[in-house]
Amino acid sequence: MSDFLLRRRIQAPALWDNDRDMADRISRVIIVGGGSAGWLTAGVIAAEHRIDADAQRPFELLLIESPDVPTIGVGEGTWPSMRSTLQRIGRSETDFIRACDASFKQGTWFRNWCTGDGDAYSHPFTVPIDYAEANLVPQWLELQDAPPVADAGTPQTALCAECLAPKPITTPEYAFLVNSAYHLDAGKVAERLRQPCTERLGVEHVKANVSQINAAENGDIESLTTDSAGEIAGDLFIDCTGTKSLLLGEHFDIPFQSRQAFLFNDTALAAQVPYAEEDQAILSCTHATAQTAGWIWDIGLPTRRGTGHVYSSAHISEEDATVQLLAYIREVAGDKAAANVEPRKIRFEPGHRQKFWHKNCVAIGMSSGFIEPLEASALVMIELAAGMIADQLPPTRAAMDLVARRYNQKFLRHWDQIIEFLKLHYVLSTRDDSPYWQDNRAVASIPENLAEQLALWRYRSPWHQDAGAVDDLFPTASYQYILYGMGFETLPRHTGSRQQDQRQRQASELFQKNAARATQLRQALPSNRELLSKVGEFGFQKL
């Protein structure tokens, strides 16, 4: 053995001293706060580490939930990743849909974002046909009287237009024919996740208010003093206390980084709207209708619609924003529904903490940040955070700083991606009917990386070469849907005529194949309401 390797072996045990590691190991993880953030995090960590196995219990997992803090409870949209998250926790899809007043979501439909004069396009969850091998945009750009790019490349927009479901009742739980997620009642999610966490996954649940945070000599959090459960010590603390950010923000004073210079919306008026008729169609995608200083969301649940207006308070008054929301509700649900609605005002500052894991504390959910509801990124950020903590949970305090540094790097990149992708929706608009849309196109309000990408996309369409990492939040297909849905122009490519003809033939075949698939699915799939009714009565097949 070389002297170098011998020296390495002599020095190495300092990195994994067994006695030190046993004394330094993570033996108790404390989640502070319930809601969707707390219970999703608890479920993902508990399921990954099987803390219910008493014989080999790796650590204790305890969730402290205040009995005095209500859940915000606005109807929310999710990403398709929620299917695998629920499956990971072990929650039945049938039970989840029944308990959370959930329906199926297949993407987002945008109206009035480009010109404000009835224009519309969609962002489906399914990538274009044969997307791994072929970029159809160059050929689509050369088509005469081409359908919207999403219609040409995927059958999903046709399904959403007819409020169809993503699968029939005979499909097993969590399986699908077209990629899908959920619309759900967020107020019911935490309660339905609490049950499997505490009854099957071994999560300890304490109802108490945290009255004091006690620091250790090294600056870590040593314990929490509560009003009804005494002092609770822990090794890793997960802050799920919402915008208050009790641990990371208030105790550690990690600064909040506003991103309002890029995305202006800071207020939402949320409302629950009844259906005009009992058997009215349930939307298969989120509807996002642009207004003069923001946009209105419309989410179809089995028993009602979750509707709200998110806007910039610097560009419109609350009174005028309310008028616009009520006008929309009259349009979709009638005068009676609009007359009985009392919107709930929610203020927020778009942004996030400068870092998310500091010492032995990591923030998840709104305690780490929030931008705005567009593209429903809030719940997926909770899923990603909980998943990374579960997968890379440090066994000892000594290893925690390494994990924390990588966690912070990854999630800063995620937040930047969200901001750039959401800004794409605004910067491409040609609306000139209000200062809001004009300000959104101001050069100073466009993130530098997005500006560079837009300059490149003038000459070539986004595809695999634009993917920065395997865990990018948005596939490059999503950029295609937004860009060309809003009329972005990419100059045609000049290639050899033989190569061009071959690509055009290939594209034509794929477009025809997609059209045939759309026809087939439209004939085979039930409506969203029909499927949800059958789920309520019969349930899906168990996997």
# chains A, B, ... in the order shown; residues from 1 in each chain; ligands from 1

$ residues_around --residues "Gly539 of chain A" --least-positions-apart "5" --cutoff "8 Å" --atoms "only C-alpha atoms" --output "number ranges by chain"
A: 94, 169, 534

$ write_last_selection --atoms "all heavy atoms" --output "PDB file, in the first residue's frame"
ATOM      1  N   THR A  94     -58.697   6.321  -4.368  1.00  0.00           N
ATOM      2  CA  THR A  94     -60.150   6.381  -4.200  1.00  0.00           C
ATOM      3  C   THR A  94     -60.522   7.140  -2.937  1.00  0.00           C
ATOM      4  O   THR A  94     -61.349   8.059  -2.955  1.00  0.00           O
ATOM      5  CB  THR A  94     -60.742   4.961  -4.144  1.00  0.00           C
ATOM      6  OG1 THR A  94     -60.519   4.302  -5.385  1.00  0.00           O
ATOM      7  CG2 THR A  94     -62.241   5.002  -3.857  1.00  0.00           C
ATOM      8  N   ILE A 169     -63.096   4.232 -15.257  1.00  0.00           N
ATOM      9  CA  ILE A 169     -63.171   3.700 -13.907  1.00  0.00           C
ATOM     10  C   ILE A 169     -62.446   2.355 -13.792  1.00  0.00           C
ATOM     11  O   ILE A 169     -62.006   1.961 -12.700  1.00  0.00           O
ATOM     12  CB  ILE A 169     -64.650   3.557 -13.462  1.00  0.00           C
ATOM     13  CG1 ILE A 169     -64.758   3.204 -11.973  1.00  0.00           C
ATOM     14  CG2 ILE A 169     -65.370   2.524 -14.324  1.00  0.00           C
ATOM     15  CD1 ILE A 169     -64.221   4.261 -11.044  1.00  0.00           C
ATOM     16  N   LYS A 534     -68.621   7.707 -10.410  1.00  0.00           N
ATOM     17  CA  LYS A 534     -68.341   6.273 -10.298  1.00  0.00           C
ATOM     18  C   LYS A 534     -67.293   5.978  -9.234  1.00  0.00           C
ATOM     19  O   LYS A 534     -67.358   4.950  -8.554  1.00  0.00           O
ATOM     20  CB  LYS A 534     -67.890   5.728 -11.658  1.00  0.00           C
ATOM     21  CG  LYS A 534     -69.012   5.660 -12.684  1.00  0.00           C
ATOM     22  CD  LYS A 534     -68.532   5.058 -13.993  1.00  0.00           C
ATOM     23  CE  LYS A 534     -69.680   4.929 -14.989  1.00  0.00           C
ATOM     24  NZ  LYS A 534     -69.236   4.357 -16.291  1.00  0.00           N
TER      25      LYS A 534
END

$ select_by_dssp --residues "segment 12-252 of chain A" --states "strand (DSSP E)" --output "number ranges by chain"
A: 28-32, 60-65, 75-77, 103-105, 107-111, 120-124, 181-185, 204-207, 210-215, 221-226, 231-233, 236-239

$ closest_residue --among "A:Trp437, A:Phe411, A:Trp140, A:Tyr311" --to "Asn112 of chain A" --atoms "only C-alpha atoms"
A:Trp437

$ select_by_dssp --residues "segment 235-428 of chain A" --states "helix (DSSP H, G or I)" --output "ChimeraX atom specification"
/A:242-244,246-251,318-333,335-340,365-367,374-392,397-427

$ atom_distance --atom1 "atom CA of Arg353 of chain A" --atom2 "atom CA of His123 of chain A"
29.0 Å

$ closest_residue --among "A:Ser36, A:Ser377, A:Thr226, A:Thr241" --to "Thr78 of chain A" --atoms "only C-alpha atoms"
A:Ser377

$ closest_atom_pairs --of "segment 69-149 of chain A" --to "segment 281-295 of chain A" --cutoff "7 Å" --atoms "only C-alpha atoms" --output "CSV"
residue,atom,partner,partner_atom,distance
A:Phe104,CA,A:Ser284,CA,6.1
A:Lys105,CA,A:Cys285,CA,4.8
A:Gln106,CA,A:Cys285,CA,5.2
A:Gly107,CA,A:Cys285,CA,4.9
A:Thr108,CA,A:Thr286,CA,4.6
A:Trp109,CA,A:His287,CA,4.9
A:Phe110,CA,A:Ala288,CA,4.9
A:Arg111,CA,A:Thr289,CA,4.8
A:Asn112,CA,A:Ala290,CA,5.3
A:Trp113,CA,A:Ala290,CA,5.3

$ write_last_selection --atoms "N, CA, C and O atoms" --output "PDB file, in the first residue's frame"
ATOM      1  N   PHE A 104     -60.092  15.687 -11.262  1.00  0.00           N
ATOM      2  CA  PHE A 104     -58.881  15.464 -12.053  1.00  0.00           C
ATOM      3  C   PHE A 104     -58.513  16.714 -12.846  1.00  0.00           C
ATOM      4  O   PHE A 104     -59.362  17.369 -13.445  1.00  0.00           O
ATOM      5  N   LYS A 105     -57.233  16.993 -12.852  1.00  0.00           N
ATOM      6  CA  LYS A 105     -56.684  18.149 -13.555  1.00  0.00           C
ATOM      7  C   LYS A 105     -55.705  17.668 -14.620  1.00  0.00           C
ATOM      8  O   LYS A 105     -54.851  16.824 -14.351  1.00  0.00           O
ATOM      9  N   GLN A 106     -55.823  18.233 -15.828  1.00  0.00           N
ATOM     10  CA  GLN A 106     -54.952  17.803 -16.918  1.00  0.00           C
ATOM     11  C   GLN A 106     -54.118  18.953 -17.488  1.00  0.00           C
ATOM     12  O   GLN A 106     -53.487  18.797 -18.534  1.00  0.00           O
ATOM     13  N   GLY A 107     -54.097  20.093 -16.813  1.00  0.00           N
ATOM     14  CA  GLY A 107     -53.308  21.213 -17.305  1.00  0.00           C
ATOM     15  C   GLY A 107     -53.998  22.527 -16.974  1.00  0.00           C
ATOM     16  O   GLY A 107     -54.825  22.609 -16.054  1.00  0.00           O
ATOM     17  N   THR A 108     -53.646  23.558 -17.740  1.00  0.00           N
ATOM     18  CA  THR A 108     -54.221  24.889 -17.539  1.00  0.00           C
ATOM     19  C   THR A 108     -54.655  25.468 -18.880  1.00  0.00           C
ATOM     20  O   THR A 108     -53.949  25.313 -19.884  1.00  0.00           O
ATOM     21  N   TRP A 109     -55.799  26.119 -18.877  1.00  0.00           N
ATOM     22  CA  TRP A 109     -56.319  26.786 -20.078  1.00  0.00           C
ATOM     23  C   TRP A 109     -56.281  28.286 -19.816  1.00  0.00           C
ATOM     24  O   TRP A 109     -56.786  28.765 -18.796  1.00  0.00           O
ATOM     25  N   PHE A 110     -55.643  29.022 -20.708  1.00  0.00           N
ATOM     26  CA  PHE A 110     -55.442  30.460 -20.549  1.00  0.00           C
ATOM     27  C   PHE A 110     -56.327  31.241 -21.520  1.00  0.00           C
ATOM     28  O   PHE A 110     -56.364  30.918 -22.710  1.00  0.00           O
ATOM     29  N   ARG A 111     -56.978  32.265 -21.008  1.00  0.00           N
ATOM     30  CA  ARG A 111     -57.813  33.114 -21.853  1.00  0.00           C
ATOM     31  C   ARG A 111     -57.448  34.580 -21.624  1.00  0.00           C
ATOM     32  O   ARG A 111     -57.248  35.014 -20.489  1.00  0.00           O
ATOM     33  N   ASN A 112     -57.343  35.315 -22.720  1.00  0.00           N
ATOM     34  CA  ASN A 112     -57.105  36.773 -22.706  1.00  0.00           C
ATOM     35  C   ASN A 112     -55.713  37.166 -22.213  1.00  0.00           C
ATOM     36  O   ASN A 112     -55.496  38.310 -21.828  1.00  0.00           O
ATOM     37  N   TRP A 113     -54.771  36.247 -22.258  1.00  0.00           N
ATOM     38  CA  TRP A 113     -53.418  36.575 -21.806  1.00  0.00           C
ATOM     39  C   TRP A 113     -52.605  37.286 -22.882  1.00  0.00           C
ATOM     40  O   TRP A 113     -51.704  38.061 -22.563  1.00  0.00           O
TER      41      TRP A 113
END

$ closest_residue --among "A:Ile221, A:Ala132, A:Met366, A:Ile296" --to "Leu236 of chain A" --atoms "only C-alpha atoms"
A:Ile221

$ closest_residue --among "A:Pro67, A:Pro492, A:Gly387, A:Gly300" --to "Ala46 of chain A" --atoms "only C-alpha atoms"
A:Gly387

$ residues_around --residues "segment 195-198 of chain A" --least-positions-apart "2" --cutoff "8 Å" --atoms "only C-alpha atoms" --output "list of chain:residue names"
A:Trp39, A:Ala42, A:Gly43, A:Ala46, A:Ile89, A:Gly90, A:Arg91, A:Glu191, A:Arg192, A:Leu193, A:Arg200, A:Leu201, A:Gly202, A:Val203, A:Glu204, A:His205

$ residues_around --residues "Gln504 of chain A" --least-positions-apart "3" --cutoff "10 Å" --atoms "only C-alpha atoms" --output "PDB file with N, CA and C atoms, in the first residue's frame"
ATOM      1  N   LEU A 136     -41.204  18.784 -32.873  1.00  0.00           N
ATOM      2  CA  LEU A 136     -42.132  19.044 -33.968  1.00  0.00           C
ATOM      3  C   LEU A 136     -42.347  20.534 -34.241  1.00  0.00           C
ATOM      4  N   PRO A 138     -40.378  23.080 -35.349  1.00  0.00           N
ATOM      5  CA  PRO A 138     -39.947  23.646 -36.645  1.00  0.00           C
ATOM      6  C   PRO A 138     -40.888  23.293 -37.786  1.00  0.00           C
ATOM      7  N   GLN A 139     -41.395  22.060 -37.788  1.00  0.00           N
ATOM      8  CA  GLN A 139     -42.334  21.657 -38.833  1.00  0.00           C
ATOM      9  C   GLN A 139     -43.716  22.273 -38.604  1.00  0.00           C
ATOM     10  N   TRP A 140     -44.108  22.390 -37.348  1.00  0.00           N
ATOM     11  CA  TRP A 140     -45.396  23.014 -37.026  1.00  0.00           C
ATOM     12  C   TRP A 140     -45.407  24.475 -37.473  1.00  0.00           C
ATOM     13  N   GLU A 142     -44.146  25.743 -40.013  1.00  0.00           N
ATOM     14  CA  GLU A 142     -44.275  25.864 -41.459  1.00  0.00           C
ATOM     15  C   GLU A 142     -45.634  25.433 -41.984  1.00  0.00           C
ATOM     16  N   LEU A 143     -46.476  24.897 -41.081  1.00  0.00           N
ATOM     17  CA  LEU A 143     -47.800  24.465 -41.517  1.00  0.00           C
ATOM     18  C   LEU A 143     -48.689  25.665 -41.849  1.00  0.00           C
ATOM     19  N   ARG A 498     -33.435  17.690 -48.732  1.00  0.00           N
ATOM     20  CA  ARG A 498     -33.751  16.278 -48.495  1.00  0.00           C
ATOM     21  C   ARG A 498     -34.033  16.041 -47.011  1.00  0.00           C
ATOM     22  N   GLN A 499     -33.173  16.605 -46.151  1.00  0.00           N
ATOM     23  CA  GLN A 499     -33.363  16.464 -44.711  1.00  0.00           C
ATOM     24  C   GLN A 499     -34.669  17.130 -44.274  1.00  0.00           C
ATOM     25  N   GLN A 500     -34.951  18.294 -44.864  1.00  0.00           N
ATOM     26  CA  GLN A 500     -36.175  19.009 -44.520  1.00  0.00           C
ATOM     27  C   GLN A 500     -37.411  18.211 -44.925  1.00  0.00           C
ATOM     28  N   ASP A 501     -37.383  17.634 -46.098  1.00  0.00           N
ATOM     29  CA  ASP A 501     -38.521  16.833 -46.560  1.00  0.00           C
ATOM     30  C   ASP A 501     -38.748  15.635 -45.651  1.00  0.00           C
ATOM     31  N   ALA A 507     -42.992  14.571 -39.262  1.00  0.00           N
ATOM     32  CA  ALA A 507     -43.892  15.405 -38.476  1.00  0.00           C
ATOM     33  C   ALA A 507     -45.341  15.213 -38.896  1.00  0.00           C
ATOM     34  N   SER A 508     -45.573  15.145 -40.201  1.00  0.00           N
ATOM     35  CA  SER A 508     -46.931  14.956 -40.704  1.00  0.00           C
ATOM     36  C   SER A 508     -47.523  13.650 -40.191  1.00  0.00           C
ATOM     37  N   GLU A 509     -46.720  12.608 -40.173  1.00  0.00           N
ATOM     38  CA  GLU A 509     -47.187  11.310 -39.664  1.00  0.00           C
ATOM     39  C   GLU A 509     -47.527  11.394 -38.182  1.00  0.00           C
ATOM     40  N   LEU A 510     -46.694  12.100 -37.431  1.00  0.00           N
ATOM     41  CA  LEU A 510     -46.940  12.214 -35.993  1.00  0.00           C
ATOM     42  C   LEU A 510     -48.163  13.074 -35.706  1.00  0.00           C
TER      43      LEU A 510
END

$ residues_around --residues "Glu319 of chain A" --least-positions-apart "4" --cutoff "12 Å" --atoms "only C-alpha atoms" --output "number ranges by chain"
A: 269, 309, 311, 313, 323-326, 343, 345

$ write_last_selection --atoms "N, CA and C atoms" --output "mmCIF file, in the first residue's frame"
data_model
loop_
_atom_site.group_PDB
_atom_site.id
_atom_site.type_symbol
_atom_site.label_atom_id
_atom_site.label_comp_id
_atom_site.auth_asym_id
_atom_site.auth_seq_id
_atom_site.Cartn_x
_atom_site.Cartn_y
_atom_site.Cartn_z
ATOM 1 N N LEU A 269 -58.252 37.460 -3.923
ATOM 2 C CA LEU A 269 -59.614 37.426 -3.414
ATOM 3 C C LEU A 269 -60.170 36.045 -3.760
ATOM 4 N N HIS A 309 -59.410 35.884 -7.625
ATOM 5 C CA HIS A 309 -58.732 36.895 -8.435
ATOM 6 C C HIS A 309 -57.409 37.217 -7.760
ATOM 7 N N TYR A 311 -54.029 39.561 -8.010
ATOM 8 C CA TYR A 311 -53.758 40.818 -8.706
ATOM 9 C C TYR A 311 -52.666 41.608 -8.001
ATOM 10 N N SER A 313 -51.774 44.922 -6.150
ATOM 11 C CA SER A 313 -52.440 46.030 -5.457
ATOM 12 C C SER A 313 -51.868 47.383 -5.869
ATOM 13 N N VAL A 323 -64.988 43.851 -8.295
ATOM 14 C CA VAL A 323 -65.948 44.020 -9.394
ATOM 15 C C VAL A 323 -65.627 43.062 -10.533
ATOM 16 N N GLN A 324 -64.368 42.945 -10.881
ATOM 17 C CA GLN A 324 -63.974 42.047 -11.967
ATOM 18 C C GLN A 324 -64.243 40.594 -11.599
ATOM 19 N N LEU A 325 -63.954 40.214 -10.349
ATOM 20 C CA LEU A 325 -64.213 38.837 -9.914
ATOM 21 C C LEU A 325 -65.698 38.515 -9.960
ATOM 22 N N LEU A 326 -66.536 39.410 -9.458
ATOM 23 C CA LEU A 326 -67.982 39.161 -9.452
ATOM 24 C C LEU A 326 -68.547 39.109 -10.865
ATOM 25 N N PRO A 343 -65.966 37.302 -1.068
ATOM 26 C CA PRO A 343 -64.565 36.918 -1.269
ATOM 27 C C PRO A 343 -63.720 37.143 -0.014
ATOM 28 N N LYS A 345 -60.026 37.943 1.426
ATOM 29 C CA LYS A 345 -58.805 38.605 0.972
ATOM 30 C C LYS A 345 -57.577 37.940 1.586
#

$ closest_residue --among "A:Asn528, A:Ser81, A:Thr476, A:Thr322" --to "Thr267 of chain A" --atoms "only C-alpha atoms"
A:Thr322

$ closest_residue --among "A:Leu473, A:Arg305, A:Phe59, A:Pro255" --to "Arg413 of chain A" --atoms "only C-alpha atoms"
A:Leu473

$ atom_distance --atom1 "atom CA of Arg330 of chain A" --atom2 "atom CA of Ser122 of chain A"
23.4 Å

$ residues_around --residues "segment 180-185 of chain A" --least-positions-apart "3" --cutoff "8 Å" --atoms "only C-alpha atoms" --output "ChimeraX atom specification"
/A:73-83,100-107,125,166,176,188-189,299-301

$ write_last_selection --atoms "N, CA, C and O atoms" --output "mmCIF file, in the first residue's frame"
data_model
loop_
_atom_site.group_PDB
_atom_site.id
_atom_site.type_symbol
_atom_site.label_atom_id
_atom_site.label_comp_id
_atom_site.auth_asym_id
_atom_site.auth_seq_id
_atom_site.Cartn_x
_atom_site.Cartn_y
_atom_site.Cartn_z
ATOM 1 N N GLY A 73 -56.958 27.031 3.310
ATOM 2 C CA GLY A 73 -58.104 26.305 2.778
ATOM 3 C C GLY A 73 -58.653 26.759 1.448
ATOM 4 O O GLY A 73 -59.820 26.553 1.156
ATOM 5 N N VAL A 74 -57.845 27.385 0.601
ATOM 6 C CA VAL A 74 -58.298 27.745 -0.742
ATOM 7 C C VAL A 74 -58.167 26.531 -1.642
ATOM 8 O O VAL A 74 -57.227 25.760 -1.527
ATOM 9 N N GLY A 75 -59.136 26.328 -2.559
ATOM 10 C CA GLY A 75 -59.030 25.233 -3.507
ATOM 11 C C GLY A 75 -57.725 25.318 -4.272
ATOM 12 O O GLY A 75 -57.328 26.383 -4.723
ATOM 13 N N GLU A 76 -57.037 24.209 -4.413
ATOM 14 C CA GLU A 76 -55.712 24.243 -5.005
ATOM 15 C C GLU A 76 -55.582 23.242 -6.134
ATOM 16 O O GLU A 76 -56.269 22.235 -6.192
ATOM 17 N N GLY A 77 -54.613 23.549 -7.006
ATOM 18 C CA GLY A 77 -54.247 22.618 -8.056
ATOM 19 C C GLY A 77 -52.928 21.960 -7.731
ATOM 20 O O GLY A 77 -52.112 22.499 -6.987
ATOM 21 N N THR A 78 -52.714 20.783 -8.268
ATOM 22 C CA THR A 78 -51.478 20.047 -8.039
ATOM 23 C C THR A 78 -50.813 19.716 -9.373
ATOM 24 O O THR A 78 -51.369 19.979 -10.445
ATOM 25 N N TRP A 79 -49.649 19.112 -9.290
ATOM 26 C CA TRP A 79 -48.938 18.587 -10.452
ATOM 27 C C TRP A 79 -49.098 17.068 -10.480
ATOM 28 O O TRP A 79 -49.449 16.459 -9.463
ATOM 29 N N PRO A 80 -48.801 16.437 -11.607
ATOM 30 C CA PRO A 80 -48.901 14.972 -11.660
ATOM 31 C C PRO A 80 -48.048 14.254 -10.623
ATOM 32 O O PRO A 80 -48.341 13.117 -10.266
ATOM 33 N N SER A 81 -47.016 14.919 -10.113
ATOM 34 C CA SER A 81 -46.171 14.302 -9.081
ATOM 35 C C SER A 81 -46.970 13.929 -7.839
ATOM 36 O O SER A 81 -46.544 13.052 -7.070
ATOM 37 N N MET A 82 -48.125 14.571 -7.622
ATOM 38 C CA MET A 82 -48.908 14.275 -6.433
ATOM 39 C C MET A 82 -49.385 12.822 -6.417
ATOM 40 O O MET A 82 -49.551 12.227 -5.343
ATOM 41 N N ARG A 83 -49.578 12.244 -7.595
ATOM 42 C CA ARG A 83 -49.983 10.829 -7.627
ATOM 43 C C ARG A 83 -48.924 9.944 -6.963
ATOM 44 O O ARG A 83 -49.241 9.103 -6.132
ATOM 45 N N CYS A 100 -61.262 14.429 -0.089
ATOM 46 C CA CYS A 100 -60.770 15.793 -0.321
ATOM 47 C C CYS A 100 -61.566 16.541 -1.373
ATOM 48 O O CYS A 100 -61.104 17.577 -1.876
ATOM 49 N N ASP A 101 -62.745 16.030 -1.712
ATOM 50 C CA ASP A 101 -63.577 16.690 -2.716
ATOM 51 C C ASP A 101 -62.746 16.978 -3.962
ATOM 52 O O ASP A 101 -62.799 18.071 -4.529
ATOM 53 N N ALA A 102 -61.949 15.985 -4.371
ATOM 54 C CA ALA A 102 -60.980 16.188 -5.451
ATOM 55 C C ALA A 102 -61.569 15.833 -6.812
ATOM 56 O O ALA A 102 -62.515 15.052 -6.929
ATOM 57 N N SER A 103 -60.987 16.435 -7.832
ATOM 58 C CA SER A 103 -61.312 16.107 -9.219
ATOM 59 C C SER A 103 -59.997 15.998 -9.983
ATOM 60 O O SER A 103 -58.923 16.205 -9.424
ATOM 61 N N PHE A 104 -60.092 15.687 -11.262
ATOM 62 C CA PHE A 104 -58.881 15.464 -12.053
ATOM 63 C C PHE A 104 -58.513 16.714 -12.846
ATOM 64 O O PHE A 104 -59.362 17.369 -13.445
ATOM 65 N N LYS A 105 -57.233 16.993 -12.852
ATOM 66 C CA LYS A 105 -56.684 18.149 -13.555
ATOM 67 C C LYS A 105 -55.705 17.668 -14.620
ATOM 68 O O LYS A 105 -54.851 16.824 -14.351
ATOM 69 N N GLN A 106 -55.823 18.233 -15.828
ATOM 70 C CA GLN A 106 -54.952 17.803 -16.918
ATOM 71 C C GLN A 106 -54.118 18.953 -17.488
ATOM 72 O O GLN A 106 -53.487 18.797 -18.534
ATOM 73 N N GLY A 107 -54.097 20.093 -16.813
ATOM 74 C CA GLY A 107 -53.308 21.213 -17.305
ATOM 75 C C GLY A 107 -53.998 22.527 -16.974
ATOM 76 O O GLY A 107 -54.825 22.609 -16.054
ATOM 77 N N PHE A 125 -50.579 18.661 -19.448
ATOM 78 C CA PHE A 125 -49.562 17.915 -18.720
ATOM 79 C C PHE A 125 -48.822 16.900 -19.594
ATOM 80 O O PHE A 125 -47.765 16.410 -19.216
ATOM 81 N N PRO A 166 -59.184 11.714 -17.343
ATOM 82 C CA PRO A 166 -57.936 11.166 -17.880
ATOM 83 C C PRO A 166 -57.902 9.652 -17.978
ATOM 84 O O PRO A 166 -56.929 9.093 -18.485
ATOM 85 N N PHE A 176 -53.082 5.895 -15.506
ATOM 86 C CA PHE A 176 -53.756 6.918 -16.308
ATOM 87 C C PHE A 176 -53.564 6.613 -17.787
ATOM 88 O O PHE A 176 -52.646 5.888 -18.168
ATOM 89 N N LYS A 188 -59.189 20.249 3.331
ATOM 90 C CA LYS A 188 -59.433 18.858 3.726
ATOM 91 C C LYS A 188 -58.205 17.970 3.583
ATOM 92 O O LYS A 188 -58.201 16.833 4.075
ATOM 93 N N VAL A 189 -57.172 18.469 2.901
ATOM 94 C CA VAL A 189 -56.004 17.626 2.616
ATOM 95 C C VAL A 189 -55.273 17.233 3.892
ATOM 96 O O VAL A 189 -54.936 16.062 4.106
ATOM 97 N N ILE A 299 -61.307 26.642 -10.598
ATOM 98 C CA ILE A 299 -60.971 25.237 -10.358
ATOM 99 C C ILE A 299 -62.259 24.470 -10.113
ATOM 100 O O ILE A 299 -63.046 24.833 -9.223
ATOM 101 N N GLY A 300 -62.486 23.426 -10.878
ATOM 102 C CA GLY A 300 -63.706 22.644 -10.747
ATOM 103 C C GLY A 300 -63.553 21.486 -9.775
ATOM 104 O O GLY A 300 -62.753 20.584 -10.003
ATOM 105 N N LEU A 301 -64.316 21.513 -8.689
ATOM 106 C CA LEU A 301 -64.388 20.409 -7.743
ATOM 107 C C LEU A 301 -65.744 19.721 -7.908
ATOM 108 O O LEU A 301 -66.649 20.278 -8.529
#

$ residues_around --residues "segment 147-149 of chain A" --least-positions-apart "5" --cutoff "8 Å" --atoms "only C-alpha atoms" --output "list in words"
Tyr121, Val137, Trp140, Gln480, Tyr481, Tyr484 and Gly485 of chain A

$ write_last_selection --atoms "N, CA and C atoms" --output "CSV table (one decimal), in the first residue's frame"
chain,number,residue,atom,x,y,z
A,121,TYR,N,-55.3,29.6,-25.2
A,121,TYR,CA,-54.3,28.5,-25.5
A,121,TYR,C,-54.3,27.6,-24.2
A,137,VAL,N,-41.8,21.4,-33.4
A,137,VAL,CA,-42.1,22.8,-33.6
A,137,VAL,C,-41.6,23.4,-34.9
A,140,TRP,N,-44.1,22.4,-37.3
A,140,TRP,CA,-45.4,23.0,-37.0
A,140,TRP,C,-45.4,24.5,-37.5
A,480,GLN,N,-42.5,25.4,-24.7
A,480,GLN,CA,-43.1,25.4,-26.1
A,480,GLN,C,-44.6,25.8,-26.0
A,481,TYR,N,-45.3,25.2,-25.1
A,481,TYR,CA,-46.7,25.4,-25.0
A,481,TYR,C,-47.0,26.9,-24.7
A,484,TYR,N,-45.5,29.4,-27.9
A,484,TYR,CA,-46.3,29.4,-29.1
A,484,TYR,C,-47.8,29.6,-28.9
A,485,GLY,N,-48.2,29.2,-27.7
A,485,GLY,CA,-49.6,29.5,-27.4
A,485,GLY,C,-49.9,31.0,-27.4

$ atom_distance --atom1 "atom CA of Ile30 of chain A" --atom2 "atom CA of His414 of chain A"
24.7 Å

$ decode --residues "segment 351-365 of chain A" --atoms "C-alpha atoms" --output "PDB file, in the first residue's frame"
ATOM      1  CA  GLY A 351     -40.537  35.883  -2.731  1.00  0.00           C
ATOM      2  CA  HIS A 352     -38.611  33.410  -0.620  1.00  0.00           C
ATOM      3  CA  ARG A 353     -36.002  33.132   2.131  1.00  0.00           C
ATOM      4  CA  GLN A 354     -32.392  33.728   1.144  1.00  0.00           C
ATOM      5  CA  LYS A 355     -31.719  30.165   2.227  1.00  0.00           C
ATOM      6  CA  PHE A 356     -33.989  27.401   3.435  1.00  0.00           C
ATOM      7  CA  TRP A 357     -31.826  25.176   5.622  1.00  0.00           C
ATOM      8  CA  HIS A 358     -29.848  26.898   8.375  1.00  0.00           C
ATOM      9  CA  LYS A 359     -28.054  24.965  11.127  1.00  0.00           C
ATOM     10  CA  ASN A 360     -30.535  22.270  12.224  1.00  0.00           C
ATOM     11  CA  CYS A 361     -33.661  23.943  10.823  1.00  0.00           C
ATOM     12  CA  VAL A 362     -35.201  23.659   7.350  1.00  0.00           C
ATOM     13  CA  ALA A 363     -38.306  25.513   6.153  1.00  0.00           C
ATOM     14  CA  ILE A 364     -40.928  23.941   3.888  1.00  0.00           C
ATOM     15  CA  GLY A 365     -44.041  25.442   2.324  1.00  0.00           C
TER      16      GLY A 365
END
